[in-house]
Amino acid sequence: MNNETMIIIGAGAAGLMSAIVNAKAGKSVTLLEQNSKIGKKILVSGNGKCNIDNKYIQLNRFHSQNPQFVEEVLKGYDFEVIEKFFTSLGMELVEGKEGKMFPMSLQASSVVELLEYEAKRVGVQIVCDCAVTSIDKKGDTFNVETSQGTKTSSQLVLASGSPAAPHLGGSNSGYAFATKMGHSLIPRHPSLVQLCSDEEWVKSCAGVKVAGLAKLYANGEYITEKKGDLLFTNYGISGLAILDLSREVSIRLANFDYCELSLDLMPHISKEKLTNLLQSRVQKESEKPIELWLQGVMHKKLIGIILEQSKSRVEAERELNRKEINKLVHAIKNLKLSISDTKGFKGAEVSTGGIDTAEVNPHTMESKRVPNLYFAGEILDVDGDRGGFNFHFAWVTGLRTALG
Ligand SMILES: Cc1cc2nc3c(=O)[nH]c(=O)nc-3n(C[C@H](O)[C@H](O)[C@H](O)COP(=O)(O)OP(=O)(O)OC[C@H]3O[C@@H](n4cnc5c(N)ncnc54)[C@H](O)[C@@H]3O)c2cc1C
């Protein structure tokens, strides 16, 4: 045992990992958590199955104002390193779609329980219901004010996460502690979040889910596109493709840009094929109402919207001409939805921005401003794509806090 004492603020993925490896290195570690239980975000992740990591760690799956920092942090710390750590705890991992990794139990609770067992086994003192209210450094000592009194240590790790999902412990408090000690912040925005729309029609489609493609335009300029589920809701739109786009939307809305989605409700059928399909059906049974033709290929609730956007007449008893079919096809493949807002941090899985990584050593996570102050996890200005990348960054940065 060395004489180092370490306080870690936040018992999420990063804090738990940091606690285990630092205690293993012989430090006396106290892990403070404001919630009554540790690892609340781990418990809900991956719909309760915990998408613990991703097999294919690539730099382009992470976002930061300082990509060089991310590269340095991840160098030599790919998925296999994390897999080895979990295997050493007795946990086997299984692969899902797109390299997503899960505990073989498919239970997030097993991840938290094994981490807690290991932390206690190596001597970490875990204190729950302990909210840190302020931090002060006098000489070589950190004085940490908490709801359970003052605690002191020679080293401090800020692993208090981001404001995303406040009901699970998301908070800004770590930013406040860090800025008070001289650190800078990169602007934060909700990411992996649902999007709101003021358009009335979307409410009438609430509950409809399609496998589509969403293209994002900001002030009329094409930004990016994502394929996957589109789920219409009474506030706007959600679904995996939307969560994947939301980072870009959030940043652009904050910049007062006008954001609009163009939704392809049938990305698996080309424009030409769809046109030919409708044309041949119309030729066979010209008297059939348009609505019935469309019911053969799409959800009923979307048909009125498509007809409205394509300005096609709903009346039956007439033949659709080529021009009208083209308009219909265009509306099906380019349904417009203006976006007014996101669901904010309450609905977000992560936050963009955070502690400016230019002020942090990428090998040890130690502050370049305050000796013996460390950062780990989402508090830093790094966020990842959906698919286990956020946990990967939390595990790796937690591991690195013991390398100093
Ligand atoms: C619903 C949801 C699902 C997700 N699913 C996935 C997924 O499947 N895969 C993936 O990779 N990522 C997922 N994420 C993102 C992932 O959970 C986070 O990126 C990750 O948990 C960040 O870990 P962290 O340790 O940095 O922060 P956190 O897990 O947020 O932990 C920080 C801890 O600090 C505590 N804390 C904060 N302030 C204080 C204070 N003042 N005093 C004491 N304690 C404090 C908080 O209560 C919290 O427990 C999901 C997030 C959410 C919200």
# chains A, B, ... in the order shown; residues from 1 in each chain; ligands from 1
>>> residues_near_ligand(ligand="ligand 1", cutoff="6 Å", atoms="only C-alpha atoms and all ligand atoms", output="PDB file with C-alpha atoms, in the first residue's frame")
ATOM      1  CA  ILE A   9     -16.488  11.700  -7.489  1.00  0.00           C
ATOM      2  CA  GLY A  10     -19.124   9.676  -9.327  1.00  0.00           C
ATOM      3  CA  ALA A  11     -19.704   5.913  -9.314  1.00  0.00           C
ATOM      4  CA  GLY A  12     -20.588   5.536 -12.982  1.00  0.00           C
ATOM      5  CA  ALA A  13     -18.590   3.536 -15.526  1.00  0.00           C
ATOM      6  CA  ALA A  14     -15.535   5.820 -15.404  1.00  0.00           C
ATOM      7  CA  GLY A  15     -15.496   6.246 -11.613  1.00  0.00           C
ATOM      8  CA  LEU A  32     -18.438   9.129  -3.605  1.00  0.00           C
ATOM      9  CA  GLU A  33     -21.846   8.806  -5.278  1.00  0.00           C
ATOM     10  CA  GLN A  34     -24.796  11.154  -4.839  1.00  0.00           C
ATOM     11  CA  ASN A  35     -27.363   8.497  -5.814  1.00  0.00           C
ATOM     12  CA  GLY A  39     -23.942   2.707 -11.794  1.00  0.00           C
ATOM     13  CA  LYS A  41     -26.660   4.706 -16.238  1.00  0.00           C
ATOM     14  CA  ILE A  42     -25.025   1.303 -16.672  1.00  0.00           C
ATOM     15  CA  VAL A  44     -30.478   1.304 -17.978  1.00  0.00           C
ATOM     16  CA  SER A  45     -28.059   1.107 -20.879  1.00  0.00           C
ATOM     17  CA  GLY A  46     -28.790  -1.037 -23.909  1.00  0.00           C
ATOM     18  CA  CYS A  50     -25.842  -2.987 -21.229  1.00  0.00           C
ATOM     19  CA  ASN A  51     -24.112  -2.338 -24.512  1.00  0.00           C
ATOM     20  CA  ILE A  52     -20.825  -2.413 -22.625  1.00  0.00           C
ATOM     21  CA  ASP A  53     -18.466  -1.661 -25.532  1.00  0.00           C
ATOM     22  CA  CYS A 130     -23.053  11.399  -0.728  1.00  0.00           C
ATOM     23  CA  ALA A 131     -23.376  14.526  -2.881  1.00  0.00           C
ATOM     24  CA  VAL A 132     -20.239  16.593  -3.288  1.00  0.00           C
ATOM     25  CA  THR A 133     -21.056  20.289  -2.940  1.00  0.00           C
ATOM     26  CA  ALA A 159     -15.834  11.261 -12.903  1.00  0.00           C
ATOM     27  CA  SER A 160     -19.140  13.004 -12.337  1.00  0.00           C
ATOM     28  CA  GLY A 161     -20.393  12.714 -15.913  1.00  0.00           C
ATOM     29  CA  SER A 162     -22.513  15.190 -17.850  1.00  0.00           C
ATOM     30  CA  ALA A 165     -30.320  12.107 -18.008  1.00  0.00           C
ATOM     31  CA  GLY A 169     -27.638  11.388 -11.740  1.00  0.00           C
ATOM     32  CA  GLY A 170     -26.728  13.572 -14.725  1.00  0.00           C
ATOM     33  CA  SER A 171     -25.415  16.861 -13.375  1.00  0.00           C
ATOM     34  CA  SER A 173     -21.616  19.853 -10.771  1.00  0.00           C
ATOM     35  CA  GLU A 349     -28.110   9.740 -23.504  1.00  0.00           C
ATOM     36  CA  VAL A 350     -24.981  11.894 -23.606  1.00  0.00           C
ATOM     37  CA  GLY A 377     -15.487   9.686 -18.636  1.00  0.00           C
ATOM     38  CA  GLU A 378     -18.153  11.880 -20.076  1.00  0.00           C
ATOM     39  CA  ILE A 379     -17.190  14.986 -18.097  1.00  0.00           C
ATOM     40  CA  GLY A 387     -23.232   1.429 -29.987  1.00  0.00           C
ATOM     41  CA  GLY A 388     -20.989   1.144 -26.898  1.00  0.00           C
ATOM     42  CA  PHE A 389     -18.494   3.894 -27.785  1.00  0.00           C
ATOM     43  CA  ASN A 390     -19.406   6.089 -24.816  1.00  0.00           C
ATOM     44  CA  PHE A 391     -18.780   3.281 -22.365  1.00  0.00           C
ATOM     45  CA  ALA A 394     -15.431   5.863 -19.890  1.00  0.00           C
TER      46      ALA A 394
END
>>> residues_around(residues="Ile126 (chain A)", least_positions_apart="4", cutoff="10 Å", atoms="only C-alpha atoms", output="PyMOL selection string")
chain A and resi 8+11+16+19+29-33+37-38+116+119-120+130
>>> select_by_dssp(residues="region 92-252 of chain A", states="strand (DSSP E or B)", output="MDAnalysis selection string")
chainID A and resid 93:95 100:103 125:127 132:138 141:146 149:153 155:158 185:186 190:191 195:196 209:218 221:232 236:238
>>> closest_atom_pairs(of="region 269-387 of chain A", to="region 245-249 of chain A", cutoff="12 Å", atoms="only C-alpha atoms", output="JSON lines")
{"residue": "A:Ser338", "atom": "CA", "partner": "A:Val249", "partner_atom": "CA", "distance": 11.1}
{"residue": "A:Ile339", "atom": "CA", "partner": "A:Val249", "partner_atom": "CA", "distance": 8.4}
{"residue": "A:Ser340", "atom": "CA", "partner": "A:Val249", "partner_atom": "CA", "distance": 9.8}
{"residue": "A:Asp341", "atom": "CA", "partner": "A:Val249", "partner_atom": "CA", "distance": 8.5}
{"residue": "A:Thr342", "atom": "CA", "partner": "A:Ser246", "partner_atom": "CA", "distance": 7.8}
{"residue": "A:Lys343", "atom": "CA", "partner": "A:Ser246", "partner_atom": "CA", "distance": 10.0}
{"residue": "A:Gly344", "atom": "CA", "partner": "A:Ser246", "partner_atom": "CA", "distance": 10.5}
{"residue": "A:Phe345", "atom": "CA", "partner": "A:Arg247", "partner_atom": "CA", "distance": 11.9}
{"residue": "A:Gly347", "atom": "CA", "partner": "A:Ser246", "partner_atom": "CA", "distance": 11.2}
{"residue": "A:Ala348", "atom": "CA", "partner": "A:Ser246", "partner_atom": "CA", "distance": 9.3}
{"residue": "A:Glu349", "atom": "CA", "partner": "A:Ser246", "partner_atom": "CA", "distance": 10.7}
{"residue": "A:Val350", "atom": "CA", "partner": "A:Arg247", "partner_atom": "CA", "distance": 9.5}
{"residue": "A:Ser351", "atom": "CA", "partner": "A:Arg247", "partner_atom": "CA", "distance": 8.7}
{"residue": "A:Thr352", "atom": "CA", "partner": "A:Arg247", "partner_atom": "CA", "distance": 7.6}
{"residue": "A:Gly353", "atom": "CA", "partner": "A:Arg247", "partner_atom": "CA", "distance": 10.9}
{"residue": "A:Asp383", "atom": "CA", "partner": "A:Arg247", "partner_atom": "CA", "distance": 9.6}
{"residue": "A:Gly384", "atom": "CA", "partner": "A:Arg247", "partner_atom": "CA", "distance": 10.0}
{"residue": "A:Asp385", "atom": "CA", "partner": "A:Arg247", "partner_atom": "CA", "distance": 9.2}
{"residue": "A:Arg386", "atom": "CA", "partner": "A:Leu245", "partner_atom": "CA", "distance": 10.5}
>>> write_last_selection(atoms="N, CA and C atoms", output="compact mmCIF listing (two decimals), in the first residue's frame")
# COMPACT_ATOMS: atom_id res chain seq x y z
N SER A 338 -40.01 19.84 -40.17
CA SER A 338 -39.15 20.87 -39.57
C SER A 338 -38.95 20.54 -38.09
N ILE A 339 -37.77 20.82 -37.60
CA ILE A 339 -37.40 20.49 -36.22
C ILE A 339 -37.30 21.78 -35.41
N SER A 340 -38.03 21.82 -34.29
CA SER A 340 -38.04 23.05 -33.49
C SER A 340 -37.09 22.97 -32.31
N ASP A 341 -36.83 21.76 -31.82
CA ASP A 341 -36.02 21.62 -30.60
C ASP A 341 -35.61 20.15 -30.44
N THR A 342 -34.83 19.91 -29.39
CA THR A 342 -34.57 18.51 -29.00
C THR A 342 -35.29 18.29 -27.67
N LYS A 343 -35.28 17.07 -27.21
CA LYS A 343 -35.87 16.78 -25.90
C LYS A 343 -34.94 17.19 -24.75
N GLY A 344 -33.83 17.82 -25.10
CA GLY A 344 -32.95 18.38 -24.07
C GLY A 344 -32.19 17.32 -23.29
N PHE A 345 -31.50 17.77 -22.26
CA PHE A 345 -30.69 16.83 -21.48
C PHE A 345 -31.55 15.76 -20.80
N GLY A 347 -33.86 14.08 -22.10
CA GLY A 347 -34.06 12.93 -22.98
C GLY A 347 -32.76 12.39 -23.55
N ALA A 348 -31.66 13.09 -23.31
CA ALA A 348 -30.40 12.73 -23.98
C ALA A 348 -29.67 11.57 -23.29
N GLU A 349 -28.96 10.78 -24.09
CA GLU A 349 -28.11 9.74 -23.50
C GLU A 349 -26.75 10.31 -23.14
N VAL A 350 -26.29 11.29 -23.90
CA VAL A 350 -24.98 11.89 -23.61
C VAL A 350 -25.01 13.39 -23.90
N SER A 351 -23.91 14.03 -23.52
CA SER A 351 -23.74 15.45 -23.82
C SER A 351 -22.50 15.63 -24.69
N THR A 352 -22.60 16.55 -25.63
CA THR A 352 -21.38 16.95 -26.36
C THR A 352 -20.63 17.90 -25.43
N GLY A 353 -19.40 18.24 -25.78
CA GLY A 353 -18.65 19.24 -25.01
C GLY A 353 -18.24 18.74 -23.63
N ASP A 383 -17.58 12.80 -26.88
CA ASP A 383 -18.78 11.96 -26.86
C ASP A 383 -18.70 11.00 -28.03
N GLY A 384 -19.34 9.88 -27.85
CA GLY A 384 -19.24 8.83 -28.87
C GLY A 384 -20.57 8.57 -29.54
N ASP A 385 -20.51 7.81 -30.62
CA ASP A 385 -21.72 7.38 -31.30
C ASP A 385 -22.45 6.35 -30.43
N ARG A 386 -23.69 6.10 -30.77
CA ARG A 386 -24.45 5.02 -30.16
C ARG A 386 -23.75 3.70 -30.51
>>> closest_residue(among="A:Leu168, A:Val94, A:Leu43, A:Met17", to="Val112 (chain A)", atoms="only C-alpha atoms")
A:Leu43
>>> select_by_dssp(residues="region 103-324 of chain A", states="alpha helix (DSSP H)", output="PyMOL selection string")
chain A and resi 108-121+173-180+201-204+240-254+271-284+290-295+300-310+322-324
>>> residues_around(residues="Lys333 (chain A)", least_positions_apart="6", cutoff="8 Å", atoms="only C-alpha atoms", output="number ranges by chain")
A: 262-267, 271
>>> write_last_selection(atoms="N, CA and C atoms", output="PDB file, in the first residue's frame")
ATOM      1  N   SER A 262     -35.563  15.537 -44.109  1.00  0.00           N
ATOM      2  CA  SER A 262     -36.226  14.998 -45.286  1.00  0.00           C
ATOM      3  C   SER A 262     -36.205  13.484 -45.090  1.00  0.00           C
ATOM      4  N   LEU A 263     -37.404  12.894 -44.958  1.00  0.00           N
ATOM      5  CA  LEU A 263     -37.483  11.481 -44.594  1.00  0.00           C
ATOM      6  C   LEU A 263     -37.820  10.617 -45.801  1.00  0.00           C
ATOM      7  N   ASP A 264     -36.996   9.642 -46.027  1.00  0.00           N
ATOM      8  CA  ASP A 264     -37.285   8.649 -47.064  1.00  0.00           C
ATOM      9  C   ASP A 264     -37.958   7.478 -46.350  1.00  0.00           C
ATOM     10  N   LEU A 265     -39.256   7.299 -46.611  1.00  0.00           N
ATOM     11  CA  LEU A 265     -40.001   6.258 -45.895  1.00  0.00           C
ATOM     12  C   LEU A 265     -39.804   4.874 -46.516  1.00  0.00           C
ATOM     13  N   MET A 266     -39.160   4.840 -47.680  1.00  0.00           N
ATOM     14  CA  MET A 266     -38.888   3.548 -48.333  1.00  0.00           C
ATOM     15  C   MET A 266     -37.485   3.532 -48.954  1.00  0.00           C
ATOM     16  N   PRO A 267     -36.462   3.599 -48.139  1.00  0.00           N
ATOM     17  CA  PRO A 267     -35.111   3.661 -48.705  1.00  0.00           C
ATOM     18  C   PRO A 267     -34.702   2.372 -49.424  1.00  0.00           C
ATOM     19  N   LYS A 271     -36.419   5.112 -56.368  1.00  0.00           N
ATOM     20  CA  LYS A 271     -37.452   6.008 -56.892  1.00  0.00           C
ATOM     21  C   LYS A 271     -38.088   5.406 -58.158  1.00  0.00           C
TER      22      LYS A 271
END
